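This is run10.cif. It holds mmCIF, C-alpha atoms.
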data_structure
loop_
_atom_site.label_atom_id
_atom_site.label_comp_id
_atom_site.auth_asym_id
_atom_site.auth_seq_id
_atom_site.Cartn_x
_atom_site.Cartn_y
_atom_site.Cartn_z
CA MET A 7 -26.31 -6.47 -2.57
CA HIS A 8 -25.85 -7.01 1.17
CA GLY A 9 -24.08 -9.96 2.78
CA TYR A 10 -27.20 -12.06 3.30
CA GLY A 11 -28.36 -11.28 -0.24
CA ILE A 12 -25.02 -12.52 -1.57
CA THR A 13 -25.43 -15.91 0.14
CA ARG A 14 -28.97 -16.22 -1.23
CA TRP A 15 -27.87 -15.26 -4.71
CA LEU A 16 -25.01 -17.77 -4.74
CA GLN A 17 -27.32 -20.51 -3.51
CA SER A 18 -30.00 -19.91 -6.08
CA ARG A 19 -27.53 -19.46 -8.95
CA SER A 20 -25.88 -22.77 -8.09
CA SER A 21 -29.24 -24.57 -7.59
CA ARG A 22 -28.34 -24.88 -3.88
CA ALA A 23 -25.12 -26.76 -4.65
CA LEU A 24 -23.01 -24.03 -3.03
CA ARG A 25 -23.60 -22.97 0.53
CA VAL A 26 -21.53 -20.08 1.71
CA GLU A 27 -20.22 -20.36 5.23
CA GLU A 28 -21.18 -17.20 7.07
CA GLY A 29 -17.94 -17.42 9.02
CA THR A 30 -15.93 -16.94 5.85
CA LEU A 31 -18.25 -14.60 3.93
CA TYR A 32 -17.77 -11.43 5.97
CA PRO A 33 -13.97 -11.63 6.37
CA ALA A 34 -13.83 -12.19 2.59
CA LEU A 35 -16.01 -9.14 1.93
CA TYR A 36 -13.98 -6.97 4.28
CA ARG A 37 -10.77 -8.18 2.67
CA LEU A 38 -12.05 -7.39 -0.83
CA GLU A 39 -13.10 -3.97 0.43
CA ARG A 40 -9.66 -3.30 1.83
CA MET A 41 -8.11 -4.34 -1.47
CA GLY A 42 -10.34 -1.81 -3.21
CA ARG A 43 -12.13 -4.44 -5.30
CA ILE A 44 -15.53 -3.70 -3.77
CA GLU A 45 -16.98 -0.79 -1.86
CA ALA A 46 -19.84 -0.65 0.61
CA GLU A 47 -22.53 1.84 1.37
CA TRP A 48 -25.20 1.84 4.03
CA GLY A 49 -28.76 1.62 2.78
CA ARG A 50 -32.18 0.33 3.79
CA SER A 51 -32.71 -3.42 3.74
CA GLU A 52 -36.00 -5.25 3.27
CA LEU A 53 -36.63 -5.28 7.03
CA GLY A 54 -36.32 -1.50 7.11
CA ARG A 55 -33.01 -1.83 8.92
CA ARG A 56 -29.67 -0.46 7.83
CA ALA A 57 -27.56 -2.82 5.74
CA ARG A 58 -24.21 -2.49 4.01
CA PHE A 59 -24.69 -2.81 0.28
CA TYR A 60 -21.66 -3.99 -1.65
CA ARG A 61 -20.76 -3.05 -5.17
CA LEU A 62 -17.79 -3.78 -7.44
CA THR A 63 -15.35 -0.94 -8.01
CA PRO A 64 -13.94 -0.45 -11.54
CA GLU A 65 -10.77 -2.13 -10.33
CA GLY A 66 -12.86 -4.99 -8.98
CA GLU A 67 -14.56 -5.42 -12.33
CA ARG A 68 -11.20 -5.66 -14.08
CA GLN A 69 -9.99 -8.20 -11.54
CA LEU A 70 -13.17 -10.24 -11.89
CA GLU A 71 -12.59 -10.45 -15.61
CA VAL A 72 -9.00 -11.61 -15.08
CA GLU A 73 -10.01 -14.24 -12.50
CA THR A 74 -12.88 -15.50 -14.63
CA ARG A 75 -10.65 -15.92 -17.62
CA SER A 76 -8.00 -17.78 -15.62
CA PHE A 77 -10.64 -20.07 -14.12
CA ALA A 78 -12.04 -20.80 -17.58
CA ASP A 79 -8.53 -21.58 -18.84
CA PHE A 80 -7.98 -23.94 -15.94
CA LEU A 81 -11.26 -25.69 -16.58
CA ALA A 82 -10.56 -25.98 -20.30
CA ALA A 83 -7.16 -27.53 -19.57
CA VAL A 84 -8.23 -30.01 -16.90
CA SER A 85 -11.64 -31.13 -18.18
CA PRO A 86 -10.42 -33.17 -21.21
CA ILE A 87 -8.11 -35.05 -18.82
CA LEU A 88 -10.38 -35.65 -15.86
CA LEU A 89 -13.75 -36.20 -17.50
CA PRO A 90 -12.81 -39.12 -19.83
CA ALA A 91 -10.68 -40.67 -17.07
CA SER A 92 -13.52 -40.65 -14.61
CA ALA A 93 -15.85 -42.08 -17.26
CA VAL A 94 -13.40 -44.90 -18.00
CA PHE A 95 -12.42 -45.80 -14.47
CA SER A 96 -15.62 -45.50 -12.53
CA HIS A 97 -18.16 -46.88 -14.98
CA GLU A 98 -16.39 -49.39 -17.16
CA GLY A 99 -13.40 -50.30 -15.02
CA PRO A 100 -9.75 -50.06 -16.15
CA VAL A 101 -9.27 -50.05 -19.91
CA GLY A 102 -7.19 -53.26 -19.88
CA ASN A 103 -10.02 -55.34 -18.42
CA ALA A 104 -12.69 -54.12 -20.74
CA GLY A 105 -13.84 -56.72 -23.22
CA MET B 10 -15.41 7.11 -8.10
CA ARG B 11 -13.30 9.64 -6.26
CA SER B 12 -16.25 11.67 -5.18
CA ARG B 13 -18.11 8.57 -4.12
CA ARG B 14 -15.19 7.60 -1.97
CA ARG B 15 -15.14 11.04 -0.41
CA GLU B 16 -18.86 10.89 0.14
CA HIS B 17 -18.48 7.50 1.73
CA LEU B 18 -15.87 8.80 4.12
CA LEU B 19 -17.83 11.93 4.91
CA ARG B 20 -20.85 9.81 5.67
CA SER B 21 -18.89 7.63 8.04
CA ARG B 22 -17.40 10.73 9.66
CA ILE B 23 -20.66 12.57 10.10
CA LEU B 24 -23.29 9.86 10.39
CA GLY B 25 -21.95 7.98 13.34
CA PRO B 26 -19.35 5.32 13.94
CA ALA B 27 -16.68 4.18 11.51
CA ILE B 28 -16.84 0.91 9.56
CA VAL B 29 -15.01 -0.75 12.43
CA ASP B 30 -17.96 -0.30 14.76
CA GLN B 31 -20.55 -1.37 12.22
CA VAL B 32 -19.52 -4.99 11.78
CA ASP B 33 -21.86 -6.13 14.55
CA GLU B 34 -24.83 -4.29 13.11
CA GLU B 35 -24.23 -5.85 9.72
CA ILE B 36 -24.08 -9.35 11.16
CA ASP B 37 -27.11 -8.82 13.39
CA LEU B 38 -29.13 -8.08 10.28
CA HIS B 39 -27.81 -11.21 8.56
CA VAL B 40 -28.84 -13.33 11.56
CA GLU B 41 -32.26 -11.73 11.55
CA LEU B 42 -32.83 -12.42 7.85
CA LEU B 43 -31.58 -15.97 8.27
CA VAL B 44 -33.99 -16.60 11.15
CA ARG B 45 -36.82 -15.26 9.03
CA GLU B 46 -35.91 -17.57 6.16
CA LEU B 47 -35.68 -20.63 8.43
CA MET B 48 -39.07 -19.81 9.94
CA GLU B 49 -40.56 -19.58 6.48
CA GLU B 50 -39.22 -23.07 5.87
CA GLY B 51 -41.26 -24.26 8.85
CA MET B 52 -39.04 -23.92 11.93
CA SER B 53 -40.31 -22.39 15.15
CA GLU B 54 -38.65 -19.13 16.09
CA ARG B 55 -36.64 -20.83 18.83
CA GLN B 56 -35.38 -23.53 16.49
CA ALA B 57 -34.56 -20.94 13.86
CA ARG B 58 -32.59 -18.79 16.32
CA ALA B 59 -30.67 -21.82 17.54
CA ALA B 60 -29.85 -22.84 13.97
CA ALA B 61 -28.74 -19.34 13.07
CA ALA B 62 -26.58 -19.12 16.18
CA GLU B 63 -24.99 -22.42 15.20
CA ARG B 64 -24.12 -21.05 11.78
CA PHE B 65 -22.51 -18.05 13.47
CA ARG B 66 -20.83 -19.96 16.26
CA ASP B 67 -17.41 -18.43 15.52
CA ARG B 68 -18.88 -14.96 15.38
CA GLY B 69 -16.43 -13.51 17.92
CA GLU B 70 -13.37 -14.42 15.89
CA MET B 71 -15.05 -13.36 12.69
CA VAL B 72 -15.92 -9.92 14.05
CA VAL B 73 -12.35 -9.40 15.24
CA ALA B 74 -11.01 -10.32 11.81
CA CYS B 75 -13.48 -8.01 10.06
CA ARG B 76 -12.69 -5.09 12.36
CA LYS B 77 -9.00 -5.49 11.67
CA LEU B 78 -9.61 -5.45 7.91
CA ALA B 79 -12.00 -2.49 8.27
CA ARG B 80 -9.32 -0.47 10.02
CA GLY B 81 -7.09 -1.09 7.01
CA THR B 82 -9.86 0.04 4.66
CA GLU B 83 -10.40 3.23 6.65
CA ARG B 84 -6.70 4.02 6.54
CA ARG B 85 -6.69 3.48 2.79
CA LEU B 86 -9.75 5.69 2.26
CA ARG B 87 -8.41 8.43 4.52
CA TRP B 88 -5.08 8.32 2.70
CA GLY B 89 -6.87 8.59 -0.64
CA VAL B 90 -8.87 11.57 0.58
CA SER B 91 -5.83 13.43 1.90
CA LEU B 92 -4.05 12.84 -1.42
CA ASP B 93 -7.09 14.25 -3.21
CA GLU B 94 -7.09 17.27 -0.92
CA LEU B 95 -3.38 17.83 -1.48
CA ARG B 96 -3.88 17.65 -5.22
CA GLN B 97 -6.74 20.11 -5.03
CA ASP B 98 -4.78 22.52 -2.85
CA LEU B 99 -1.82 22.42 -5.23
CA GLY B 100 -4.09 23.01 -8.19
CA TYR B 101 -5.74 25.93 -6.41
CA ALA B 102 -2.35 27.47 -5.56
CA LEU B 103 -1.18 27.17 -9.17
CA ARG B 104 -4.38 28.73 -10.51
CA GLN B 105 -4.02 31.62 -8.08
CA LEU B 106 -0.42 32.18 -9.21
CA VAL B 107 -1.43 32.18 -12.87
CA ARG B 108 -4.21 34.64 -12.11
CA ALA B 109 -1.77 37.12 -10.53
CA PRO B 110 1.30 37.22 -12.83
CA ALA B 111 2.79 40.37 -11.27
CA PHE B 112 2.68 38.87 -7.81
CA THR B 113 4.11 35.60 -9.13
CA ALA B 114 6.98 37.38 -10.90
CA MET B 115 7.74 39.40 -7.78
CA THR B 116 7.78 36.28 -5.65
CA ILE B 117 10.08 34.43 -8.00
CA LEU B 118 12.44 37.42 -8.25
CA THR B 119 12.53 37.81 -4.48
CA LEU B 120 13.33 34.13 -4.03
CA ALA B 121 15.99 34.24 -6.75
CA ALA B 122 17.65 37.37 -5.33
CA GLY B 123 17.59 35.96 -1.81
CA LEU B 124 19.08 32.63 -2.82
CA GLY B 125 21.68 34.30 -5.06
CA ALA B 126 22.80 36.74 -2.37
CA THR B 127 23.04 34.03 0.25
CA THR B 128 25.09 31.79 -2.03
CA ALA B 129 27.44 34.62 -2.99
CA ILE B 130 28.03 35.66 0.61
CA PHE B 131 28.58 32.08 1.69
CA SER B 132 31.19 31.44 -1.01
CA VAL B 133 33.14 34.54 0.05
CA VAL B 134 32.94 33.64 3.73
CA GLU B 135 33.90 30.06 3.00
CA SER B 136 37.06 30.92 1.04
CA VAL B 137 38.16 33.81 3.28
CA VAL B 138 37.17 32.66 6.78
CA LEU B 139 36.39 28.95 6.81
CA ARG B 140 39.11 27.79 4.45
CA ALA B 141 41.66 30.46 5.24
CA PRO B 142 45.22 29.61 4.08
CA GLY B 143 47.60 27.99 6.56
CA GLN B 144 45.01 25.79 8.20
CA HIS B 145 46.02 22.50 6.53
CA ALA B 146 42.76 22.43 4.76
CA LEU B 147 44.32 21.10 1.57
CA ARG B 148 46.24 17.88 1.55
CA PRO B 149 47.77 17.44 -1.88
CA VAL B 150 49.37 14.15 -2.74
CA ALA B 151 53.01 14.22 -3.76
CA VAL B 152 54.83 12.00 -6.19
CA GLY B 153 58.55 12.35 -6.40
CA GLN B 154 61.93 11.12 -5.19
CA VAL B 155 63.43 11.01 -1.72
CA GLU B 156 67.09 9.96 -1.44
CA GLY B 157 66.97 8.62 -4.99
CA ARG B 158 64.01 6.34 -4.33
CA GLU B 159 60.60 6.55 -5.87
CA ILE B 160 57.86 7.82 -3.63
CA PHE B 161 54.41 6.92 -4.77
CA CYS B 162 52.46 9.25 -2.70
CA GLY B 163 52.65 11.25 0.43
CA GLU B 164 50.88 13.90 2.37
CA ILE B 165 52.27 17.38 2.40
CA ARG B 166 52.07 19.28 5.63
CA GLU B 167 53.27 22.69 6.32
CA ALA B 168 56.06 22.70 8.84
CA ALA B 169 56.80 25.55 11.20
CA ALA B 170 59.44 27.46 9.26
CA GLY B 171 58.18 27.27 5.71
CA SER B 172 59.87 23.96 4.83
CA LEU B 173 57.58 21.08 3.91
CA VAL B 174 57.43 17.67 5.55
CA VAL B 175 56.52 14.75 3.35
CA LEU B 176 54.83 11.91 5.19
CA ILE B 177 55.34 8.81 3.13
CA MET B 178 52.32 6.57 2.81
CA GLY B 179 53.63 4.15 0.23
CA PRO B 180 54.86 0.53 0.63
CA SER B 181 57.04 -0.10 3.69
CA SER B 182 60.12 -0.82 1.54
CA LEU B 183 60.22 2.88 0.96
CA VAL B 184 61.25 5.48 3.48
CA SER B 185 58.74 5.31 6.29
CA SER B 186 59.65 8.12 8.57
CA PRO B 187 58.78 11.77 8.11
CA TYR B 188 61.43 13.28 5.91
CA SER B 189 62.23 16.88 5.38
CA ALA B 190 62.44 17.69 1.69
CA ASP B 191 62.89 21.10 0.21
CA TRP B 192 62.38 19.98 -3.40
CA VAL B 193 58.63 19.75 -3.04
#
What do you get writing this file as structure tokens?
Amino acid sequence: MHGYGITRWLQSRSSRALRVEEGTLYPALYRLERMGRIEAEWGRSELGRRARFYRLTPEGERQLEVETRSFADFLAAVSPILLPASAVFSHEGPVGNAG
Amino acid sequence: MRSRRREHLLRSRILGPAIVDQVDEEIDLHVELLVRELMEEGMSERQARAAAAERFRDRGEMVVACRKLARGTERRLRWGVSLDELRQDLGYALRQLVRAPAFTAMTILTLAAGLGATTAIFSVVESVVLRAPGQHALRPVAVGQVEGREIFCGEIREAAAGSLVVLIMGPSSLVSSPYSADWV
């Protein structure tokens, strides 16, 4: 996938909730490439022009798995705290005043 | 993986400029695709170009940052390739040696004989010429008595006429001046 394709993909996967800033996308891609997590290859894009197509390296795949797991752990830890609290405080007011 | 990396580097070596010089081309394409998308959403080309330019308003800084990172990537890839080449060269050398056992044995024997001879000659030269007797090369430490007092340690030097001088290096309560002693 090339840089533009990545922004489109993220937007459609998140139902347009996420918009990637172009100013941060390319430095991030180049940084990941330097770290050896992704690699790039020139190929033909849909306009018939050359584009750099990015692909995960085996090391990148391993790292993605690690990061995904740690994000899931974080979410699992924080959700039971934040979700009920926000339900209590924003919809029904503080618990003491209810009823 | 390794061969792909090599291929990647070869391509960038043969087919034009390095990654560093390709950042602009990559971003040009992104702008172009973005303009196209905005026009499909109903903007005029001018509006679309303006909007795309706005999204890329810090393009200068961004390109500089990307180029810097790309230089790092190129160094890493080049380093990986030279390690690969070194490994291949070593492997090739070893295979050649295994294929020619007589030559290998001869080489090892020659090296062994050369090293052995050099070491032997050096040890003779060292003991006979470099560390010849009478040049104060050795400085044994003495423990004994001078005028009935204990001497902890001292340095023995050869004096002119065969008698030995003991230089006392112990605590100052002991004799502190060079003292001629023939009991050493």
Residues within 8 Å of region 68-72 of chain A, all atoms listed in the file, excluding chain neighbours under 4 positions, as a PDB file with C-alpha atoms, keeping the file's coordinate frame:
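Once written, around_23.pdb looks like this:
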ATOM      1  CA  ARG A  43     -12.130  -4.440  -5.300  1.00  0.00           C
ATOM      2  CA  PRO A  64     -13.940  -0.450 -11.540  1.00  0.00           C
ATOM      3  CA  SER A  76      -8.000 -17.780 -15.620  1.00  0.00           C
TER       4      SER A  76
END
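Residue nearest chain B, chosen from A:Ala46, A:Met7, A:Leu88, A:Ala83 and counting all atoms listed in the file: A:Ala46.
Here, the PyMOL selection byres ((chain B) within 7 of (chain A)) matches B:His17, B:Glu35, B:His39, B:Arg64, B:Phe65, B:Asp67, B:Arg68, B:Met71, B:Ala74, B:Cys75, B:Leu78, B:Ala79, B:Gly81, B:Thr82.
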Excluding region 51-60 of chain B and any residue of its chain fewer than 6 positions from it, enumerate the residues within 10 Å of it, using all atoms listed in the file, and give them as a short mmCIF file (atom, residue, chain, number, x, y, z; two decimals) with C-alpha atoms, in the frame of the given file.
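Listed below is the output, result.cif:
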data_model
loop_
_atom_site.label_atom_id
_atom_site.label_comp_id
_atom_site.auth_asym_id
_atom_site.auth_seq_id
_atom_site.Cartn_x
_atom_site.Cartn_y
_atom_site.Cartn_z
CA VAL B 40 -28.84 -13.33 11.56
CA GLU B 41 -32.26 -11.73 11.55
CA LEU B 43 -31.58 -15.97 8.27
CA VAL B 44 -33.99 -16.60 11.15
CA ARG B 45 -36.82 -15.26 9.03
CA ARG B 66 -20.83 -19.96 16.26
#
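From CA of Ser91 (chain B) back to CA of Thr113 (chain B), the distance works out to 26.7 Å.
Distance-wise, CA of Val94 (chain A) and CA of Ser20 (chain A) end up 27.3 Å apart.
Rounded to one decimal, CA of Arg85 (chain B) and CA of Gly66 (chain A) lie 15.8 Å from each other.
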May I have the residues within 12 Å of Leu24 (chain A) as a PDB file with C-alpha atoms, keeping the file's coordinate frame, using all atoms listed in the file and disregarding those fewer than 5 positions away in the same chain?
ATOM      1  CA  ILE A  12     -25.020 -12.520  -1.570  1.00  0.00           C
ATOM      2  CA  THR A  13     -25.430 -15.910   0.140  1.00  0.00           C
ATOM      3  CA  ARG A  14     -28.970 -16.220  -1.230  1.00  0.00           C
ATOM      4  CA  TRP A  15     -27.870 -15.260  -4.710  1.00  0.00           C
ATOM      5  CA  LEU A  16     -25.010 -17.770  -4.740  1.00  0.00           C
ATOM      6  CA  GLN A  17     -27.320 -20.510  -3.510  1.00  0.00           C
ATOM      7  CA  SER A  18     -30.000 -19.910  -6.080  1.00  0.00           C
ATOM      8  CA  ARG A  19     -27.530 -19.460  -8.950  1.00  0.00           C
TER       9      ARG A  19
END
